[in-house]
$ cat start.cif   # mmCIF, C-alpha atoms
data_protein
loop_
_atom_site.label_atom_id
_atom_site.label_comp_id
_atom_site.auth_asym_id
_atom_site.auth_seq_id
_atom_site.Cartn_x
_atom_site.Cartn_y
_atom_site.Cartn_z
CA MET A 208 -48.29 5.20 -9.51
CA ARG A 209 -49.14 8.67 -8.22
CA LEU A 210 -52.53 8.45 -9.90
CA SER A 211 -53.10 5.04 -8.35
CA ILE A 212 -52.28 6.33 -4.87
CA ALA A 213 -54.52 9.34 -5.42
CA LEU A 214 -57.34 7.06 -6.54
CA HIS A 215 -57.09 5.01 -3.35
CA ALA A 216 -57.11 8.18 -1.26
CA LEU A 217 -60.15 9.57 -3.10
CA ALA A 218 -61.96 6.25 -2.74
CA GLY A 219 -61.35 6.29 1.03
CA LEU A 220 -62.60 9.86 1.23
CA GLY A 221 -65.60 9.02 -0.93
CA LEU A 222 -66.50 6.12 1.35
CA LEU A 223 -66.58 8.48 4.34
CA VAL A 224 -68.69 11.07 2.51
CA GLN A 225 -71.05 8.67 0.69
CA PRO A 226 -70.96 5.16 2.23
CA SER A 227 -73.74 3.93 -0.08
CA GLY A 228 -71.46 4.43 -3.06
CA TRP A 229 -69.14 1.63 -1.93
CA PRO A 230 -69.88 -0.69 -4.93
CA TRP A 231 -68.70 1.99 -7.37
CA LEU A 232 -65.68 2.85 -5.26
CA LEU A 233 -64.76 -0.81 -4.91
CA GLY A 234 -65.15 -1.26 -8.66
CA ALA A 235 -62.80 1.67 -9.32
CA ILE A 236 -60.16 0.20 -7.00
CA ALA A 237 -60.54 -3.25 -8.59
CA ALA A 238 -60.16 -1.75 -12.08
CA ASN A 239 -57.04 0.06 -10.94
CA HIS A 240 -55.47 -3.15 -9.62
CA LEU A 241 -56.44 -4.99 -12.79
CA PHE A 242 -54.73 -2.30 -14.87
CA LEU A 243 -51.54 -2.50 -12.80
CA GLY A 244 -51.57 -6.29 -13.07
CA VAL A 245 -51.96 -6.22 -16.85
CA VAL A 246 -49.16 -3.71 -17.45
CA GLY A 247 -46.94 -5.65 -15.04
CA MET A 248 -47.44 -8.80 -17.12
CA TRP A 249 -46.41 -6.96 -20.29
CA PRO A 250 -42.59 -7.23 -20.15
CA ARG A 251 -42.01 -4.33 -22.55
CA SER A 252 -44.31 -1.89 -20.78
CA ARG A 253 -42.92 1.44 -19.56
CA LEU A 254 -46.05 2.36 -17.60
CA LEU A 255 -44.58 1.14 -14.29
CA GLY A 256 -41.25 2.91 -14.71
CA PRO A 257 -38.25 3.16 -17.06
CA ASN A 258 -37.61 0.04 -19.12
CA LEU A 259 -34.81 -0.44 -21.68
CA ILE A 260 -36.48 -2.20 -24.61
CA ARG A 261 -34.23 -1.01 -27.43
CA LEU A 262 -30.93 0.83 -27.52
CA PRO A 263 -31.49 4.59 -27.40
CA ALA A 264 -32.05 6.16 -30.80
CA SER A 265 -28.73 7.97 -30.56
CA ARG A 266 -27.01 4.59 -30.28
CA GLY A 267 -29.24 2.29 -32.29
CA ALA A 268 -28.60 3.76 -35.73
CA ARG A 269 -24.99 2.66 -35.65
CA GLY A 270 -25.18 -0.92 -36.88
CA VAL A 271 -25.36 -2.36 -33.34
CA VAL A 272 -27.56 -5.08 -31.82
CA ALA A 273 -27.34 -5.97 -28.11
CA LEU A 274 -27.23 -9.71 -27.38
CA SER A 275 -28.43 -11.04 -24.03
CA PHE A 276 -28.72 -14.49 -22.46
CA ASP A 277 -30.92 -15.40 -19.47
CA ASP A 278 -31.06 -18.01 -16.69
CA GLY A 279 -27.40 -19.08 -16.65
CA PRO A 280 -24.77 -19.97 -16.10
CA ASP A 281 -25.07 -23.50 -17.45
CA PRO A 282 -21.93 -25.70 -17.33
CA ASP A 283 -22.71 -27.32 -20.69
CA VAL A 284 -24.16 -24.41 -22.66
CA THR A 285 -22.59 -21.15 -21.44
CA PRO A 286 -18.94 -22.00 -22.31
CA ARG A 287 -19.97 -23.10 -25.81
CA ILE A 288 -21.90 -19.86 -26.32
CA MET A 289 -18.82 -17.86 -25.35
CA THR A 290 -16.73 -19.82 -27.86
CA LEU A 291 -19.22 -19.05 -30.63
CA LEU A 292 -19.28 -15.38 -29.69
CA GLU A 293 -15.49 -15.22 -29.72
CA GLN A 294 -15.35 -16.82 -33.17
CA HIS A 295 -17.57 -14.04 -34.52
CA GLY A 296 -15.97 -11.17 -32.60
CA ALA A 297 -19.17 -10.62 -30.60
CA THR A 298 -19.89 -9.84 -26.96
CA ALA A 299 -23.08 -10.32 -24.95
CA SER A 300 -24.75 -9.65 -21.61
CA PHE A 301 -25.44 -12.68 -19.43
CA PHE A 302 -28.32 -12.17 -17.00
CA CYS A 303 -27.27 -14.66 -14.34
CA ILE A 304 -29.18 -16.25 -11.48
CA GLY A 305 -27.24 -15.79 -8.24
CA LYS A 306 -27.64 -19.39 -7.03
CA ARG A 307 -26.44 -20.78 -10.36
CA ALA A 308 -23.49 -18.41 -10.28
CA GLU A 309 -22.58 -19.76 -6.84
CA ALA A 310 -22.73 -23.30 -8.23
CA TRP A 311 -20.46 -22.50 -11.24
CA PRO A 312 -18.42 -19.43 -10.25
CA GLU A 313 -15.56 -20.14 -12.67
CA ILE A 314 -17.95 -19.87 -15.62
CA VAL A 315 -19.13 -16.47 -14.39
CA ARG A 316 -15.55 -15.31 -13.97
CA ASP A 317 -14.82 -16.53 -17.50
CA VAL A 318 -17.81 -14.54 -18.82
CA ALA A 319 -16.28 -11.39 -17.36
CA ARG A 320 -12.73 -12.27 -18.46
CA ARG A 321 -13.84 -12.67 -22.08
CA GLY A 322 -15.27 -9.16 -22.20
CA HIS A 323 -18.96 -9.97 -21.72
CA SER A 324 -21.09 -8.40 -18.98
CA VAL A 325 -22.60 -10.20 -16.00
CA GLU A 326 -26.03 -8.82 -15.13
CA ASN A 327 -28.69 -9.37 -12.44
CA HIS A 328 -31.52 -11.88 -12.95
CA THR A 329 -32.36 -12.31 -9.21
CA GLN A 330 -30.81 -14.68 -6.72
CA ARG A 331 -33.21 -17.62 -7.11
CA HIS A 332 -35.36 -16.76 -10.17
CA PRO A 333 -38.69 -17.11 -8.29
CA TYR A 334 -41.60 -17.24 -10.72
CA ALA A 335 -43.78 -15.44 -8.17
CA PHE A 336 -41.31 -12.53 -8.11
CA ALA A 337 -43.88 -10.04 -9.44
CA CYS A 338 -46.11 -10.86 -6.44
CA PHE A 339 -43.40 -10.21 -3.84
CA GLY A 340 -43.63 -7.42 -1.31
CA LEU A 341 -41.09 -4.63 -1.23
CA ARG A 342 -38.80 -6.28 1.31
CA ALA A 343 -38.77 -9.72 -0.36
CA MET A 344 -38.16 -8.16 -3.77
CA ARG A 345 -35.28 -6.13 -2.39
CA ARG A 346 -33.73 -9.23 -0.79
CA GLU A 347 -33.82 -11.13 -4.11
CA ILE A 348 -32.23 -8.34 -6.09
CA ASP A 349 -29.66 -7.31 -3.49
CA ALA A 350 -28.57 -10.90 -2.84
CA ALA A 351 -27.93 -11.44 -6.55
CA GLN A 352 -26.15 -8.10 -6.82
CA ILE A 353 -23.77 -9.04 -4.00
CA THR A 354 -23.24 -12.59 -5.32
CA LEU A 355 -22.54 -11.59 -8.92
CA ALA A 356 -20.29 -8.66 -8.00
CA ARG A 357 -18.24 -10.85 -5.67
CA ILE A 358 -17.78 -13.62 -8.24
CA SER A 359 -17.31 -11.57 -11.41
CA GLY A 360 -15.44 -8.64 -9.90
CA SER A 361 -17.85 -6.18 -11.53
CA THR A 362 -21.14 -4.79 -10.19
CA PRO A 363 -24.13 -5.52 -12.46
CA ARG A 364 -25.72 -2.45 -14.03
CA PHE A 365 -28.79 -4.03 -15.65
CA PHE A 366 -31.67 -6.11 -14.27
CA ARG A 367 -34.15 -8.41 -15.96
CA ALA A 368 -37.12 -9.74 -13.99
CA PRO A 369 -37.96 -13.47 -14.07
CA ALA A 370 -40.14 -14.03 -17.16
CA GLY A 371 -40.11 -10.24 -17.57
CA LEU A 372 -42.97 -9.88 -15.06
CA ARG A 373 -42.93 -7.14 -12.45
CA SER A 374 -45.05 -5.09 -10.07
CA PRO A 375 -45.27 -1.36 -9.33
CA LEU A 376 -42.85 -1.95 -6.45
CA LEU A 377 -39.92 -2.88 -8.68
CA ASP A 378 -38.90 0.55 -9.97
CA PRO A 379 -38.08 2.08 -6.53
CA VAL A 380 -36.07 -1.05 -5.60
CA LEU A 381 -34.02 -0.85 -8.80
CA SER A 382 -33.46 2.89 -8.38
CA ARG A 383 -32.12 2.27 -4.89
CA SER A 384 -29.79 -0.47 -6.19
CA GLY A 385 -28.56 1.55 -9.17
CA LEU A 386 -29.91 -0.99 -11.66
CA ARG A 387 -31.60 -0.39 -15.00
CA LEU A 388 -34.60 -2.53 -15.91
CA THR A 389 -34.00 -4.21 -19.27
CA ALA A 390 -36.46 -6.09 -21.45
CA TRP A 391 -36.00 -6.93 -25.14
CA SER A 392 -37.29 -6.12 -28.60
CA ARG A 393 -36.59 -9.48 -30.31
CA ARG A 394 -36.90 -12.99 -28.92
CA GLY A 395 -37.55 -16.48 -30.30
CA HIS A 396 -38.83 -18.33 -27.20
CA ASP A 397 -35.83 -20.65 -27.29
CA CYS A 398 -36.61 -21.76 -23.72
CA VAL A 399 -39.75 -23.58 -24.91
CA ARG A 400 -39.51 -24.01 -28.69
CA ARG A 401 -37.64 -27.07 -29.91
CA ASP A 402 -37.43 -25.96 -33.54
CA PRO A 403 -34.28 -23.87 -34.22
CA GLU A 404 -35.67 -22.73 -37.58
CA ALA A 405 -38.76 -21.23 -35.94
CA VAL A 406 -36.67 -19.55 -33.23
CA LEU A 407 -34.25 -18.02 -35.74
CA ARG A 408 -37.06 -16.92 -38.02
CA GLN A 409 -38.86 -15.07 -35.23
CA ILE A 410 -35.69 -13.30 -34.05
CA THR A 411 -34.52 -12.21 -37.51
CA SER A 412 -37.94 -11.14 -38.75
CA ARG A 413 -37.84 -7.31 -38.73
CA LEU A 414 -34.52 -7.36 -36.84
CA ARG A 415 -32.89 -3.92 -37.06
CA ASP A 416 -30.36 -1.53 -35.58
CA GLY A 417 -30.80 -0.98 -31.87
CA ASP A 418 -32.64 -4.22 -31.11
CA ILE A 419 -32.04 -6.05 -27.84
CA VAL A 420 -32.13 -9.80 -28.51
CA LEU A 421 -33.12 -12.28 -25.80
CA LEU A 422 -31.84 -15.87 -25.79
CA HIS A 423 -31.25 -18.41 -23.00
CA ASP A 424 -28.08 -20.16 -21.90
CA GLY A 425 -29.91 -21.64 -18.91
CA SER A 426 -33.28 -23.42 -19.04
CA CYS A 427 -33.01 -23.67 -22.81
CA ALA A 428 -35.13 -26.06 -24.86
CA ARG A 429 -33.46 -28.91 -26.72
CA THR A 430 -33.98 -30.33 -30.17
CA ARG A 431 -35.11 -33.92 -30.66
CA ASP A 432 -31.50 -35.08 -30.75
CA GLY A 433 -30.75 -33.31 -27.46
CA THR A 434 -28.91 -30.27 -28.83
CA PRO A 435 -29.63 -27.05 -26.92
CA VAL A 436 -31.72 -24.93 -29.28
CA VAL A 437 -29.64 -21.83 -28.53
CA LEU A 438 -26.50 -23.58 -29.82
CA ALA A 439 -28.24 -24.42 -33.08
CA VAL A 440 -29.58 -20.87 -33.47
CA LEU A 441 -26.65 -18.71 -32.36
CA PRO A 442 -24.12 -19.44 -35.15
CA ARG A 443 -26.69 -18.69 -37.84
CA LEU A 444 -27.91 -15.59 -36.01
CA LEU A 445 -24.36 -14.23 -35.78
CA GLU A 446 -23.80 -14.96 -39.47
CA HIS A 447 -27.08 -13.19 -40.29
CA LEU A 448 -26.00 -10.13 -38.31
CA GLN A 449 -22.60 -10.01 -40.00
CA ALA A 450 -24.16 -10.37 -43.44
CA ARG A 451 -26.30 -7.32 -42.68
CA GLY A 452 -23.41 -5.31 -41.30
CA LEU A 453 -24.69 -5.43 -37.74
CA ARG A 454 -22.38 -5.85 -34.74
CA ALA A 455 -23.47 -8.02 -31.80
CA LEU A 456 -22.41 -6.41 -28.51
CA SER A 457 -23.11 -6.61 -24.80
CA LEU A 458 -25.35 -3.91 -23.34
CA PRO A 459 -22.48 -1.85 -21.84
CA HIS A 460 -20.52 -2.08 -25.09
CA ALA A 461 -23.56 -1.30 -27.23
CA LEU A 462 -24.43 1.77 -25.16
CA ARG A 463 -20.85 3.06 -25.48
CA ALA A 464 -20.40 2.22 -29.16
CA GLY A 465 -20.06 5.00 -31.68
CA PRO A 466 -19.87 4.87 -35.48
CA GLY A 467 -16.99 2.67 -36.52
CA ASP A 468 -16.12 1.61 -32.95
CA GLN A 469 -15.02 -2.00 -32.61
CA THR A 470 -15.72 -2.42 -28.85
#
$ encode --input "start.cif" --output "structure tokens"
Amino acid sequence: MRLSIALHALAGLGLLVQPSGWPWLLGAIAANHLFLGVVGMWPRSRLLGPNLIRLPASRGARGVVALSFDDGPDPDVTPRIMTLLEQHGATASFFCIGKRAEAWPEIVRDVARRGHSVENHTQRHPYAFACFGLRAMRREIDAAQITLARISGSTPRFFRAPAGLRSPLLDPVLSRSGLRLTAWSRRGHDCVRRDPEAVLRQITSRLRDGDIVLLHDGSCARTRDGTPVVLAVLPRLLEHLQARGLRALSLPHALRAGPGDQT
């Protein structure tokens, strides 16, 4: 970001000193904006600021995988996910949309009561979020932070951008709000894929200690018989983790977990 600002300043100075060089200066500025756009569309990029993609190395080599669910709560899917997690002694982080939390507050409270974490996924999940200005971006994040803290009784500590897309403006907003940007290292595209086998295969391929797994309790795809794909995938994923000696935990629990810890 500092280099980008410096480039703009040098281009302005160059235009004053050598006006005829404007095509080259304009090209440099355009290339800079293209670069920022590309890295912003890469959800796992760290070039625009800190981004939690995997559990830190000091935590990851402890038989722990962090489970996360996006776009909820969903009155049909989220409670069933929590039941499955409880059956396997697992916890997860639910990145909730503020407006959906307002529609189903009891589900959000139940998420917190059952030992899972409620995290920030914006107030309205606008798909143009990465194109927002500083003020609009701050309103989205702060509104969700207030909504989710009020309903769950706990202030979210992690943030995931809609579709994982962001702009250079996001990092200062998150720093001000005390939130940690979180992406993922394994996902199966269960929001669009209707084949549970393909989703499970993509998640478990090369799955290892310290991975952050992304699934969806809201906006999830459904199989041909109408079953939410996540509900077909999750039991088998949890069994796979247990068979490999891996514990599925929420982000706060995973970051606190030490060798042999059960929370």
$ closest_residue --input "start.cif" --among "A:Thr290, A:Ser412, A:Arg357, A:Ala351" --to "Leu448 (chain A)" --atoms "all atoms listed in the file"
A:Ser412
$ resolve_selection --input "start.cif" --expression "the PyMOL selection byres ((chain A and resi 327-336) around 8)" --output "PyMOL selection string"
chain A and resi 277-278+302-306+325-326+337-339+344+347-348+350-352+354-355+363-370+372-373
$ atom_distance --input "start.cif" --atom1 "CA of Asp397 (chain A)" --atom2 "CA of Gly433 (chain A)"
13.6 Å
$ residues_around --input "start.cif" --residues "Val420 (chain A)" --least-positions-apart "4" --cutoff "7 Å" --atoms "all atoms listed in the file" --output "ChimeraX atom specification"
/A:273-275,391-394
$ resolve_selection --input "start.cif" --expression "the PyMOL selection byres ((chain A and resi 378) around 8)" --output "list in words"
Leu255, Gly256, Pro257, Pro375, Leu376, Leu377, Pro379, Val380, Leu381, Ser382 and Leu388 of chain A
$ write_last_selection --input "start.cif" --atoms "C-alpha atoms" --output "CSV table (one decimal), keeping the file's coordinate frame"
chain,number,residue,atom,x,y,z
A,255,LEU,CA,-44.6,1.1,-14.3
A,256,GLY,CA,-41.2,2.9,-14.7
A,257,PRO,CA,-38.2,3.2,-17.1
A,375,PRO,CA,-45.3,-1.4,-9.3
A,376,LEU,CA,-42.8,-2.0,-6.4
A,377,LEU,CA,-39.9,-2.9,-8.7
A,379,PRO,CA,-38.1,2.1,-6.5
A,380,VAL,CA,-36.1,-1.0,-5.6
A,381,LEU,CA,-34.0,-0.8,-8.8
A,382,SER,CA,-33.5,2.9,-8.4
A,388,LEU,CA,-34.6,-2.5,-15.9
$ resolve_selection --input "start.cif" --expression "the PyMOL selection byres ((chain A and resi 410) around 9)" --output "list in words"
Arg393, Arg394, Gly395, Ala405, Val406, Leu407, Arg408, Gln409, Thr411, Ser412, Arg413, Leu414, Val420, Leu421 and Leu444 of chain A
$ atom_distance --input "start.cif" --atom1 "CA of Ala264 (chain A)" --atom2 "CA of Leu456 (chain A)"
16.0 Å
$ residues_around --input "start.cif" --residues "region 427-431 of chain A" --least-positions-apart "5" --cutoff "7 Å" --atoms "only C-alpha atoms" --output "list in words"
Asp397, Cys398, Val399, Arg400, Arg401, Asp402, Val436 and Val437 of chain A
$ atom_distance --input "start.cif" --atom1 "CA of Leu422 (chain A)" --atom2 "CA of Ala450 (chain A)"
20.0 Å
$ residues_around --input "start.cif" --residues "Val318 (chain A)" --least-positions-apart "4" --cutoff "9 Å" --atoms "only C-alpha atoms" --output "JSON, numbers by chain"
{"A": [285, 286, 289, 300, 301, 313, 314, 322, 323, 324, 325, 359]}
$ write_last_selection --input "start.cif" --atoms "C-alpha atoms" --output "PDB file, in the frame of the given file"
ATOM      1  CA  THR A 285     -22.590 -21.150 -21.440  1.00  0.00           C
ATOM      2  CA  PRO A 286     -18.940 -22.000 -22.310  1.00  0.00           C
ATOM      3  CA  MET A 289     -18.820 -17.860 -25.350  1.00  0.00           C
ATOM      4  CA  SER A 300     -24.750  -9.650 -21.610  1.00  0.00           C
ATOM      5  CA  PHE A 301     -25.440 -12.680 -19.430  1.00  0.00           C
ATOM      6  CA  GLU A 313     -15.560 -20.140 -12.670  1.00  0.00           C
ATOM      7  CA  ILE A 314     -17.950 -19.870 -15.620  1.00  0.00           C
ATOM      8  CA  GLY A 322     -15.270  -9.160 -22.200  1.00  0.00           C
ATOM      9  CA  HIS A 323     -18.960  -9.970 -21.720  1.00  0.00           C
ATOM     10  CA  SER A 324     -21.090  -8.400 -18.980  1.00  0.00           C
ATOM     11  CA  VAL A 325     -22.600 -10.200 -16.000  1.00  0.00           C
ATOM     12  CA  SER A 359     -17.310 -11.570 -11.410  1.00  0.00           C
TER      13      SER A 359
END
$ build_atoms --input "start.cif" --residues "region 350-371 of chain A" --atoms "N, CA and C atoms" --output "tab-separated table (two decimals), in the frame of the given file"
chain	number	residue	atom	x	y	z
A	350	ALA	N	-29.37	-9.68	-3.01
A	350	ALA	CA	-28.57	-10.90	-2.84
A	350	ALA	C	-27.85	-11.26	-4.14
A	351	ALA	N	-28.56	-11.15	-5.26
A	351	ALA	CA	-27.93	-11.44	-6.55
A	351	ALA	C	-26.86	-10.41	-6.88
A	352	GLN	N	-27.12	-9.16	-6.54
A	352	GLN	CA	-26.15	-8.10	-6.82
A	352	GLN	C	-24.84	-8.36	-6.06
A	353	ILE	N	-24.95	-8.75	-4.82
A	353	ILE	CA	-23.77	-9.04	-4.00
A	353	ILE	C	-23.05	-10.28	-4.54
A	354	THR	N	-23.82	-11.34	-4.83
A	354	THR	CA	-23.24	-12.59	-5.32
A	354	THR	C	-22.49	-12.38	-6.63
A	355	LEU	N	-23.14	-11.74	-7.59
A	355	LEU	CA	-22.54	-11.59	-8.92
A	355	LEU	C	-21.36	-10.63	-8.90
A	356	ALA	N	-21.43	-9.59	-8.09
A	356	ALA	CA	-20.29	-8.66	-8.00
A	356	ALA	C	-19.09	-9.35	-7.36
A	357	ARG	N	-19.34	-10.15	-6.34
A	357	ARG	CA	-18.24	-10.85	-5.67
A	357	ARG	C	-17.57	-11.84	-6.60
A	358	ILE	N	-18.34	-12.58	-7.38
A	358	ILE	CA	-17.78	-13.62	-8.24
A	358	ILE	C	-17.13	-13.03	-9.48
A	359	SER	N	-17.81	-12.09	-10.12
A	359	SER	CA	-17.31	-11.57	-11.41
A	359	SER	C	-16.31	-10.44	-11.25
A	360	GLY	N	-16.33	-9.78	-10.10
A	360	GLY	CA	-15.44	-8.64	-9.90
A	360	GLY	C	-15.99	-7.35	-10.47
A	361	SER	N	-17.23	-7.37	-10.95
A	361	SER	CA	-17.85	-6.18	-11.53
A	361	SER	C	-19.31	-6.12	-11.09
A	362	THR	N	-19.77	-4.95	-10.67
A	362	THR	CA	-21.14	-4.79	-10.19
A	362	THR	C	-22.12	-4.72	-11.36
A	363	PRO	N	-23.14	-5.58	-11.38
A	363	PRO	CA	-24.13	-5.52	-12.46
A	363	PRO	C	-24.79	-4.15	-12.56
A	364	ARG	N	-25.08	-3.75	-13.78
A	364	ARG	CA	-25.72	-2.45	-14.03
A	364	ARG	C	-27.14	-2.60	-14.58
A	365	PHE	N	-27.49	-3.80	-15.04
A	365	PHE	CA	-28.79	-4.03	-15.65
A	365	PHE	C	-29.51	-5.16	-14.92
A	366	PHE	N	-30.84	-5.09	-14.94
A	366	PHE	CA	-31.67	-6.11	-14.27
A	366	PHE	C	-32.77	-6.56	-15.21
A	367	ARG	N	-33.01	-7.86	-15.22
A	367	ARG	CA	-34.15	-8.41	-15.96
A	367	ARG	C	-34.96	-9.27	-15.00
A	368	ALA	N	-36.26	-9.00	-14.91
A	368	ALA	CA	-37.12	-9.74	-13.99
A	368	ALA	C	-37.40	-11.14	-14.51
A	369	PRO	N	-37.59	-12.12	-13.63
A	369	PRO	CA	-37.96	-13.47	-14.07
A	369	PRO	C	-39.20	-13.42	-14.98
A	370	ALA	N	-39.07	-14.00	-16.16
A	370	ALA	CA	-40.14	-14.03	-17.16
A	370	ALA	C	-40.55	-12.62	-17.61
A	371	GLY	N	-39.79	-11.61	-17.19
A	371	GLY	CA	-40.11	-10.24	-17.57
A	371	GLY	C	-41.27	-9.64	-16.80
